[in-house]
Structure formats: structure tokens, C-alpha cells
file entry.txt (compact mmCIF, C-alpha atoms and all ligand atoms)
# COMPACT_ATOMS: atom_id res chain seq x y z
CA MET A 170 0.00 0.00 0.00
CA LEU A 171 2.84 2.41 0.89
CA TYR A 172 4.71 1.52 -2.29
CA ALA A 173 1.57 1.95 -4.42
CA SER A 174 0.87 5.34 -2.79
CA LEU A 175 4.44 6.48 -3.48
CA LYS A 176 4.10 5.42 -7.10
CA LEU A 177 0.82 7.33 -7.36
CA ILE A 178 2.48 10.52 -6.01
CA HIS A 179 5.42 9.95 -8.39
CA LEU A 180 3.17 9.59 -11.41
CA LEU A 181 0.86 12.51 -10.51
CA SER A 182 3.93 14.75 -10.16
CA ILE A 183 5.08 13.69 -13.60
CA VAL A 184 1.61 14.24 -15.07
CA VAL A 185 1.66 17.86 -13.77
CA TRP A 186 5.22 18.51 -14.98
CA VAL A 187 5.24 16.79 -18.39
CA GLY A 188 1.56 17.52 -19.11
CA GLY A 189 2.10 21.20 -18.26
CA MET A 190 5.05 21.35 -20.64
CA VAL A 191 2.96 19.82 -23.44
CA PHE A 192 0.23 22.43 -22.84
CA ALA A 193 2.67 25.38 -22.69
CA HIS A 194 4.74 24.27 -25.68
CA PHE A 195 2.10 23.09 -28.13
CA PHE A 196 -1.04 25.02 -27.18
CA LEU A 197 -0.42 28.16 -25.12
CA ARG A 198 2.69 29.60 -26.82
CA PRO A 199 1.43 29.24 -30.42
CA ALA A 200 -1.89 30.85 -29.44
CA THR A 201 -0.13 33.88 -27.91
CA GLN A 202 2.02 34.57 -31.00
CA ALA A 203 -0.63 36.86 -32.51
CA LEU A 204 -0.76 39.12 -29.42
CA GLU A 205 1.06 42.44 -29.03
CA PRO A 206 4.50 41.92 -27.40
CA ALA A 207 3.48 43.86 -24.27
CA VAL A 208 0.45 41.61 -23.73
CA ARG A 209 2.15 38.38 -24.84
CA VAL A 210 5.29 38.74 -22.69
CA ARG A 211 3.33 39.76 -19.60
CA LEU A 212 0.79 36.95 -20.07
CA MET A 213 3.52 34.33 -20.55
CA HIS A 214 5.35 35.67 -17.48
CA ASP A 215 2.24 35.37 -15.30
CA VAL A 216 1.38 31.89 -16.59
CA LEU A 217 4.95 30.59 -16.25
CA GLU A 218 5.31 32.02 -12.74
CA ARG A 219 2.34 29.93 -11.61
CA PHE A 220 3.39 26.87 -13.59
CA PHE A 221 6.99 26.90 -12.29
CA ALA A 222 5.76 27.15 -8.69
CA ALA A 223 3.69 23.99 -9.28
CA VAL A 224 6.65 22.27 -11.01
CA LEU A 225 8.89 23.05 -8.03
CA VAL A 226 6.46 21.14 -5.77
CA ALA A 227 6.13 18.36 -8.38
CA VAL A 228 9.93 17.99 -8.63
CA VAL A 229 10.32 17.67 -4.85
CA LEU A 230 7.50 15.09 -4.68
CA MET A 231 8.85 13.15 -7.70
CA LEU A 232 12.37 12.96 -6.24
CA ALA A 233 11.22 12.11 -2.72
CA SER A 234 8.79 9.41 -3.88
CA GLY A 235 11.34 7.96 -6.35
CA VAL A 236 14.13 7.72 -3.77
CA TRP A 237 11.69 6.39 -1.15
CA MET A 238 10.51 3.62 -3.53
CA ILE A 239 14.12 2.58 -4.21
CA GLY A 240 14.86 2.51 -0.45
CA ASN A 241 11.66 0.59 0.26
CA PHE A 242 12.40 -2.01 -2.43
CA ALA A 243 16.08 -2.36 -1.40
CA ARG A 244 15.12 -2.92 2.25
CA GLN A 245 12.65 -5.66 1.31
CA VAL A 246 15.25 -7.43 -0.86
CA VAL A 247 17.92 -7.25 1.87
CA GLN A 248 15.46 -8.35 4.61
CA SER A 249 14.55 -11.43 2.58
CA GLY A 250 18.25 -12.36 2.32
CA GLY A 251 18.94 -11.12 -1.22
CA SER A 252 21.35 -8.43 -2.39
CA PHE A 253 19.96 -5.30 -3.97
CA ALA A 254 21.05 -4.27 -7.46
CA MET A 255 19.31 -1.31 -9.02
CA PRO A 256 17.39 -2.38 -12.18
CA LEU A 257 18.81 -0.79 -15.35
CA GLY A 258 15.50 0.91 -16.21
CA TRP A 259 15.44 2.59 -12.78
CA THR A 260 19.05 3.77 -13.14
CA VAL A 261 18.34 5.30 -16.56
CA MET A 262 15.10 6.87 -15.25
CA ALA A 263 16.81 8.40 -12.23
CA THR A 264 19.73 9.71 -14.34
CA LEU A 265 17.42 11.31 -16.92
CA GLY A 266 15.25 12.60 -14.06
CA LEU A 267 18.24 14.36 -12.47
CA VAL A 268 19.21 15.91 -15.82
CA MET A 269 15.61 17.17 -16.15
CA VAL A 270 15.74 18.65 -12.65
CA ALA A 271 19.03 20.44 -13.49
CA ILE A 272 17.50 21.87 -16.67
CA PHE A 273 14.42 22.98 -14.75
CA GLY A 274 16.74 24.68 -12.23
CA HIS A 275 18.38 26.59 -15.09
CA ILE A 276 14.97 27.61 -16.49
CA ARG A 277 13.54 28.67 -13.14
CA PHE A 278 16.55 30.30 -11.51
CA VAL A 279 18.49 31.73 -14.48
CA LEU A 280 16.15 32.27 -17.45
CA PHE A 281 12.92 33.14 -15.65
CA PRO A 282 14.51 35.98 -13.58
CA ARG A 283 15.60 37.51 -16.93
CA LEU A 284 11.98 37.44 -18.06
CA ARG A 285 10.87 38.95 -14.74
CA ARG A 286 13.42 41.78 -15.04
CA ALA A 287 12.32 42.48 -18.64
CA VAL A 288 8.66 42.70 -17.57
CA SER A 289 9.52 45.05 -14.68
CA ALA A 290 11.46 47.28 -17.09
CA THR A 291 8.74 46.97 -19.80
CA ASP A 292 11.60 45.88 -22.10
CA TRP A 293 9.59 43.68 -24.50
CA PRO A 294 12.46 42.73 -26.87
CA ALA A 295 14.46 41.46 -23.85
CA GLY A 296 11.32 39.66 -22.64
CA GLY A 297 10.91 38.00 -26.03
CA LYS A 298 14.55 36.86 -25.92
CA ALA A 299 14.14 35.43 -22.42
CA LEU A 300 10.97 33.62 -23.54
CA ALA A 301 12.80 32.14 -26.54
CA GLY A 302 15.46 30.70 -24.20
CA ILE A 303 12.79 29.27 -21.89
CA ARG A 304 10.98 27.75 -24.87
CA THR A 305 14.14 25.99 -26.10
CA TRP A 306 14.91 24.41 -22.72
CA VAL A 307 11.28 23.48 -22.03
CA GLY A 308 11.35 21.71 -25.42
CA VAL A 309 14.49 19.80 -24.40
CA ASN A 310 12.96 18.85 -21.04
CA LEU A 311 9.74 17.77 -22.70
CA ALA A 312 11.64 15.45 -25.04
CA LEU A 313 13.62 14.04 -22.08
CA GLY A 314 10.38 13.62 -20.09
CA VAL A 315 8.74 11.60 -22.86
CA LEU A 316 11.92 9.53 -23.24
CA THR A 317 12.01 8.90 -19.48
CA VAL A 318 8.38 7.75 -19.40
CA ALA A 319 9.18 5.39 -22.31
CA VAL A 320 12.26 4.07 -20.47
CA ALA A 321 10.27 3.60 -17.24
CA LEU A 322 7.55 1.65 -19.00
CA LEU A 323 9.53 -0.29 -21.62
CA MET A 324 12.89 -1.18 -20.00
C1 LIG B 1 15.62 10.97 -9.73
C2 LIG B 1 14.46 10.80 -10.28
C3 LIG B 1 13.65 9.53 -10.26
C4 LIG B 1 13.71 8.42 -9.44
C5 LIG B 1 14.66 8.17 -8.30
C6 LIG B 1 12.66 7.51 -9.88
C7 LIG B 1 12.37 6.28 -9.31
C8 LIG B 1 11.29 5.49 -9.64
C9 LIG B 1 10.96 4.22 -9.02
C10 LIG B 1 11.77 3.54 -7.93
C11 LIG B 1 9.81 3.75 -9.61
C12 LIG B 1 9.06 2.46 -9.29
C13 LIG B 1 9.29 1.47 -10.42
C14 LIG B 1 8.50 0.18 -10.26
O1 LIG B 1 7.85 -0.04 -9.25
O2 LIG B 1 8.60 -0.62 -11.20
C15 LIG B 1 9.41 4.71 -10.60
C16 LIG B 1 8.31 4.59 -11.43
C17 LIG B 1 8.05 5.39 -12.50
N1 LIG B 1 8.73 6.53 -12.85
FE1 LIG B 1 10.37 7.31 -11.89
N2 LIG B 1 12.01 8.07 -10.93
C18 LIG B 1 12.56 9.29 -11.21
C19 LIG B 1 12.19 10.19 -12.18
C20 LIG B 1 11.24 9.93 -13.13
C21 LIG B 1 10.94 10.81 -14.24
C22 LIG B 1 11.64 12.13 -14.52
C23 LIG B 1 9.93 10.21 -14.96
C24 LIG B 1 9.22 10.68 -16.20
C25 LIG B 1 9.30 11.88 -16.72
C26 LIG B 1 9.59 8.98 -14.30
C27 LIG B 1 8.59 8.13 -14.71
C28 LIG B 1 8.19 7.01 -14.02
C29 LIG B 1 7.10 6.13 -14.44
C30 LIG B 1 6.22 6.32 -15.69
C31 LIG B 1 7.02 5.11 -13.50
C32 LIG B 1 6.02 3.93 -13.47
C33 LIG B 1 6.73 2.70 -14.03
C34 LIG B 1 5.92 1.43 -13.87
O3 LIG B 1 4.98 1.39 -13.07
O4 LIG B 1 6.25 0.46 -14.55
N3 LIG B 1 10.40 8.85 -13.19
N4 LIG B 1 10.33 5.77 -10.59

call {"tool": "encode", "arguments": {"input": "entry.txt", "output": "C-alpha cells"}}
result
Amino acid sequence: MLYASLKLIHLLSIVVWVGGMVFAHFFLRPATQALEPAVRVRLMHDVLERFFAAVLVAVVLMLASGVWMIGNFARQVVQSGGSFAMPLGWTVMATLGLVMVAIFGHIRFVLFPRLRRAVSATDWPAGGKALAGIRTWVGVNLALGVLTVAVALLM
């Protein structure tokens, strides 16, 4: 029951993170392209601020539940006299997951503050540039997220 609950938390976190990236990348951003820069940059800033706050919580929950599941499984194996070796699929998932977290850190703590500063200064060209950087890295993380889900389910 504990293990199943941890997996539920893990998967819900990933649904919020990866699903949110799909929405932002394929639906929200293209729809805002026709707006005036002042409206578009401010709208994207406000949406991303809320989304990144939710992703921060999702990342913490995903990491905590993932590590907890590994610990839980390892303890059971050792208690029943076996020796624990991390399955390859889990190792690849955790490695890709950590890369995704590092990229998210770059987006949230380096690129997003640039967008925030541009909005405060009503510097729309700088805001557009910051948004372009965020878009590139969200695209990379989205691809890694889909790959990680495939690895988790197929390996
Ligand atoms: C450091 C980060 C991560 C750790 C430590 C971790 C660890 C784990 C563990 C231990 C499981 C349980 C596997 C099982 O019971 O068979 C699991 C399940 C899963 N994880 Fe992760 N994970 C991480 C990141 C990710 C990421 C980034 C994704 C996708 C974007 C992901 C997708 C999944 C999926 C889809 C499952 C369900 C697999 C199944 O039920 O067969 N994980 N994870």
C-alpha cells in the first residue's frame, strides 16, 4: 500500500510537470504569438510564474517518492536475504530525471529571472529573448520527459 501510494504521487507529479510542458509548448505559446509583445510577454510571465511554482512542488514530490521507492524495495530485498542491485531501467530513469531537474533549475533560476526583469522594465524585446530561451529548454525537457516515461515503461 505504501509503495503503491508512493508510485501514485510519483506519477501525478510527472503528469503535472510533463503535461504542463505539453500544454505550454504546443497550445499556449502558439496561441499567444498573434498578441502584441506587451500583452504576450506579460501573459507568458504570469502563466509561467504559476506553472513553475507547481513544477517546483512536483519535482520535490517526484524525487522524494522515487528515492523512497528505491529505499523501500532495497530494504525488502535485503530483509529477505537477497542483495539489492538497481534495475537498469530505474538507473536510466533516475539519471534522466536528475538531468531534467538540473534543466528545470536553469529555467527557473536563471532564465525566468531575466523574463521577470524584462517585464519590470517593460523591455519587450528582452522579454521575447528570455521567452525564446525558456521555450528551447522546455522543449528539451519535454523530449527528455517523454523519453524517461518510455524508459520507465519499456525497460
Ligand atoms: C531521480 C528521479 C527519479 C527516481 C529516483 C525515480 C524512481 C522510480 C521508481 C523507484 C519507480 C518504481 C518502479 C517500479 O515499481 O517498477 C518509478 C516509477 C516510474 N517513474 Fe520514476 N524516478 C525518477 C524520475 C522519473 C521521471 C523524470 C519520470 C518521467 C518523466 C519517471 C517516470 C516514471 C514512471 C512512468 C514510472 C512507473 C513505471 C511502472 O509502473 O512500470 N520517473 N520511478

call {"tool": "residues_near_ligand", "arguments": {"input": "entry.txt", "ligand": "ligand LIG 1 (chain B)", "cutoff": "7 Å", "atoms": "all atoms listed in the file", "output": "list in words"}}
result
Lys176, His179, Leu180, Ile183, Val187, Met231, Leu232, Gly235, Val236, Met238, Ile239, Trp259, Met262, Ala263, Thr264, Leu265, Gly266, Leu267, Met269, Gly314, Val315, Thr317, Val318, Ala321 and Leu322 of chain A

call {"tool": "axis_aligned_box", "arguments": {"input": "entry.txt", "around": "stretch 289-303 of chain A", "padding_each_side": "5 Å", "output": "AutoDock Vina command-line options"}}
result
--center_x 12.1 --center_y 38.3 --center_z -20.8 --size_x 16.7 --size_y 28.0 --size_z 22.2

call {"tool": "closest_residue", "arguments": {"input": "entry.txt", "among": "A:Phe195, A:Tyr172, A:Leu225, A:Arg286", "to": "A:Gly308", "atoms": "all atoms listed in the file"}}
result
A:Phe195

call {"tool": "atom_distance", "arguments": {"input": "entry.txt", "atom1": "atom CA of A:Asp215", "atom2": "atom CA of A:Val288"}}
result
10.0 Å

call {"tool": "atom_distance", "arguments": {"input": "entry.txt", "atom1": "atom CA of A:Val261", "atom2": "atom CA of A:Val247"}}
result
22.3 Å

call {"tool": "residues_around", "arguments": {"input": "entry.txt", "residues": "A:Gly296", "least_positions_apart": "5", "cutoff": "9 Å", "atoms": "all atoms listed in the file", "output": "VMD selection string"}}
result
chain A and resid 206 210 to 211 214 283 to 288 291 301

call {"tool": "closest_residue", "arguments": {"input": "entry.txt", "among": "A:Val279, A:Phe273, A:Asp292, A:Gly258", "to": "A:Ala319", "atoms": "all atoms listed in the file"}}
result
A:Gly258

call {"tool": "atom_distance", "arguments": {"input": "entry.txt", "atom1": "atom CA of A:Trp186", "atom2": "atom CA of A:Phe278"}}
result
16.7 Å

call {"tool": "residues_around", "arguments": {"input": "entry.txt", "residues": "A:Ala222", "least_positions_apart": "5", "cutoff": "10 Å", "atoms": "all atoms listed in the file", "output": "ChimeraX atom specification"}}
result
/A:217,227,277

call {"tool": "closest_residue", "arguments": {"input": "entry.txt", "among": "A:Val216, A:Gly297, A:Ile178, A:Val226", "to": "A:Gln202", "atoms": "only C-alpha atoms"}}
result
A:Gly297

call {"tool": "closest_residue", "arguments": {"input": "entry.txt", "among": "A:Ser174, A:Phe192, A:Leu311, A:Arg209", "to": "A:Pro294", "atoms": "all atoms listed in the file"}}
result
A:Arg209

call {"tool": "closest_residue", "arguments": {"input": "entry.txt", "among": "A:Ala312, A:Ala207, A:Leu181, A:Ala290", "to": "A:Val268", "atoms": "all atoms listed in the file"}}
result
A:Ala312

call {"tool": "closest_residue", "arguments": {"input": "entry.txt", "among": "A:Val185, A:Val320, A:Gly274, A:Lys298", "to": "A:Pro256", "atoms": "only C-alpha atoms"}}
result
A:Val320

call {"tool": "build_atoms", "arguments": {"input": "entry.txt", "residues": "stretch 269-290 of chain A", "atoms": "N, CA and C atoms", "output": "PDB file, in the frame of the given file"}}
result
ATOM      1  N   MET A 269      16.802  16.318 -16.005  1.00  0.00           N
ATOM      2  CA  MET A 269      15.610  17.170 -16.150  1.00  0.00           C
ATOM      3  C   MET A 269      15.499  18.187 -15.011  1.00  0.00           C
ATOM      4  N   VAL A 270      15.824  17.735 -13.803  1.00  0.00           N
ATOM      5  CA  VAL A 270      15.740  18.650 -12.650  1.00  0.00           C
ATOM      6  C   VAL A 270      16.766  19.777 -12.816  1.00  0.00           C
ATOM      7  N   ALA A 271      17.990  19.418 -13.286  1.00  0.00           N
ATOM      8  CA  ALA A 271      19.030  20.440 -13.490  1.00  0.00           C
ATOM      9  C   ALA A 271      18.574  21.452 -14.545  1.00  0.00           C
ATOM     10  N   ILE A 272      17.977  20.958 -15.620  1.00  0.00           N
ATOM     11  CA  ILE A 272      17.500  21.870 -16.670  1.00  0.00           C
ATOM     12  C   ILE A 272      16.379  22.762 -16.126  1.00  0.00           C
ATOM     13  N   PHE A 273      15.483  22.166 -15.344  1.00  0.00           N
ATOM     14  CA  PHE A 273      14.420  22.980 -14.750  1.00  0.00           C
ATOM     15  C   PHE A 273      15.022  24.070 -13.845  1.00  0.00           C
ATOM     16  N   GLY A 274      16.069  23.695 -13.094  1.00  0.00           N
ATOM     17  CA  GLY A 274      16.740  24.680 -12.230  1.00  0.00           C
ATOM     18  C   GLY A 274      17.269  25.844 -13.057  1.00  0.00           C
ATOM     19  N   HIS A 275      17.857  25.536 -14.207  1.00  0.00           N
ATOM     20  CA  HIS A 275      18.380  26.590 -15.090  1.00  0.00           C
ATOM     21  C   HIS A 275      17.229  27.481 -15.601  1.00  0.00           C
ATOM     22  N   ILE A 276      16.129  26.838 -15.991  1.00  0.00           N
ATOM     23  CA  ILE A 276      14.970  27.610 -16.490  1.00  0.00           C
ATOM     24  C   ILE A 276      14.437  28.531 -15.386  1.00  0.00           C
ATOM     25  N   ARG A 277      14.214  27.930 -14.210  1.00  0.00           N
ATOM     26  CA  ARG A 277      13.540  28.670 -13.140  1.00  0.00           C
ATOM     27  C   ARG A 277      14.420  29.732 -12.486  1.00  0.00           C
ATOM     28  N   PHE A 278      15.720  29.397 -12.312  1.00  0.00           N
ATOM     29  CA  PHE A 278      16.550  30.300 -11.510  1.00  0.00           C
ATOM     30  C   PHE A 278      17.522  31.147 -12.330  1.00  0.00           C
ATOM     31  N   VAL A 279      17.629  30.885 -13.631  1.00  0.00           N
ATOM     32  CA  VAL A 279      18.490  31.730 -14.480  1.00  0.00           C
ATOM     33  C   VAL A 279      17.652  32.445 -15.545  1.00  0.00           C
ATOM     34  N   LEU A 280      16.874  31.668 -16.321  1.00  0.00           N
ATOM     35  CA  LEU A 280      16.150  32.270 -17.450  1.00  0.00           C
ATOM     36  C   LEU A 280      14.906  33.047 -16.992  1.00  0.00           C
ATOM     37  N   PHE A 281      14.148  32.465 -16.063  1.00  0.00           N
ATOM     38  CA  PHE A 281      12.920  33.140 -15.650  1.00  0.00           C
ATOM     39  C   PHE A 281      13.178  34.506 -14.984  1.00  0.00           C
ATOM     40  N   PRO A 282      14.222  34.648 -14.133  1.00  0.00           N
ATOM     41  CA  PRO A 282      14.510  35.980 -13.580  1.00  0.00           C
ATOM     42  C   PRO A 282      14.796  37.019 -14.678  1.00  0.00           C
ATOM     43  N   ARG A 283      15.384  36.572 -15.815  1.00  0.00           N
ATOM     44  CA  ARG A 283      15.600  37.510 -16.930  1.00  0.00           C
ATOM     45  C   ARG A 283      14.256  38.000 -17.478  1.00  0.00           C
ATOM     46  N   LEU A 284      13.314  37.073 -17.585  1.00  0.00           N
ATOM     47  CA  LEU A 284      11.980  37.440 -18.060  1.00  0.00           C
ATOM     48  C   LEU A 284      11.323  38.405 -17.071  1.00  0.00           C
ATOM     49  N   ARG A 285      11.474  38.104 -15.778  1.00  0.00           N
ATOM     50  CA  ARG A 285      10.870  38.950 -14.740  1.00  0.00           C
ATOM     51  C   ARG A 285      11.437  40.369 -14.807  1.00  0.00           C
ATOM     52  N   ARG A 286      12.777  40.456 -14.973  1.00  0.00           N
ATOM     53  CA  ARG A 286      13.420  41.780 -15.040  1.00  0.00           C
ATOM     54  C   ARG A 286      12.923  42.547 -16.273  1.00  0.00           C
ATOM     55  N   ALA A 287      12.773  41.820 -17.403  1.00  0.00           N
ATOM     56  CA  ALA A 287      12.320  42.480 -18.640  1.00  0.00           C
ATOM     57  C   ALA A 287      10.898  43.014 -18.462  1.00  0.00           C
ATOM     58  N   VAL A 288      10.040  42.244 -17.787  1.00  0.00           N
ATOM     59  CA  VAL A 288       8.660  42.700 -17.570  1.00  0.00           C
ATOM     60  C   VAL A 288       8.649  43.926 -16.661  1.00  0.00           C
ATOM     61  N   SER A 289       9.461  43.890 -15.588  1.00  0.00           N
ATOM     62  CA  SER A 289       9.520  45.050 -14.680  1.00  0.00           C
ATOM     63  C   SER A 289       9.970  46.298 -15.413  1.00  0.00           C
ATOM     64  N   ALA A 290      10.913  46.122 -16.369  1.00  0.00           N
ATOM     65  CA  ALA A 290      11.460  47.280 -17.090  1.00  0.00           C
ATOM     66  C   ALA A 290      10.650  47.607 -18.348  1.00  0.00           C
TER      67      ALA A 290
END
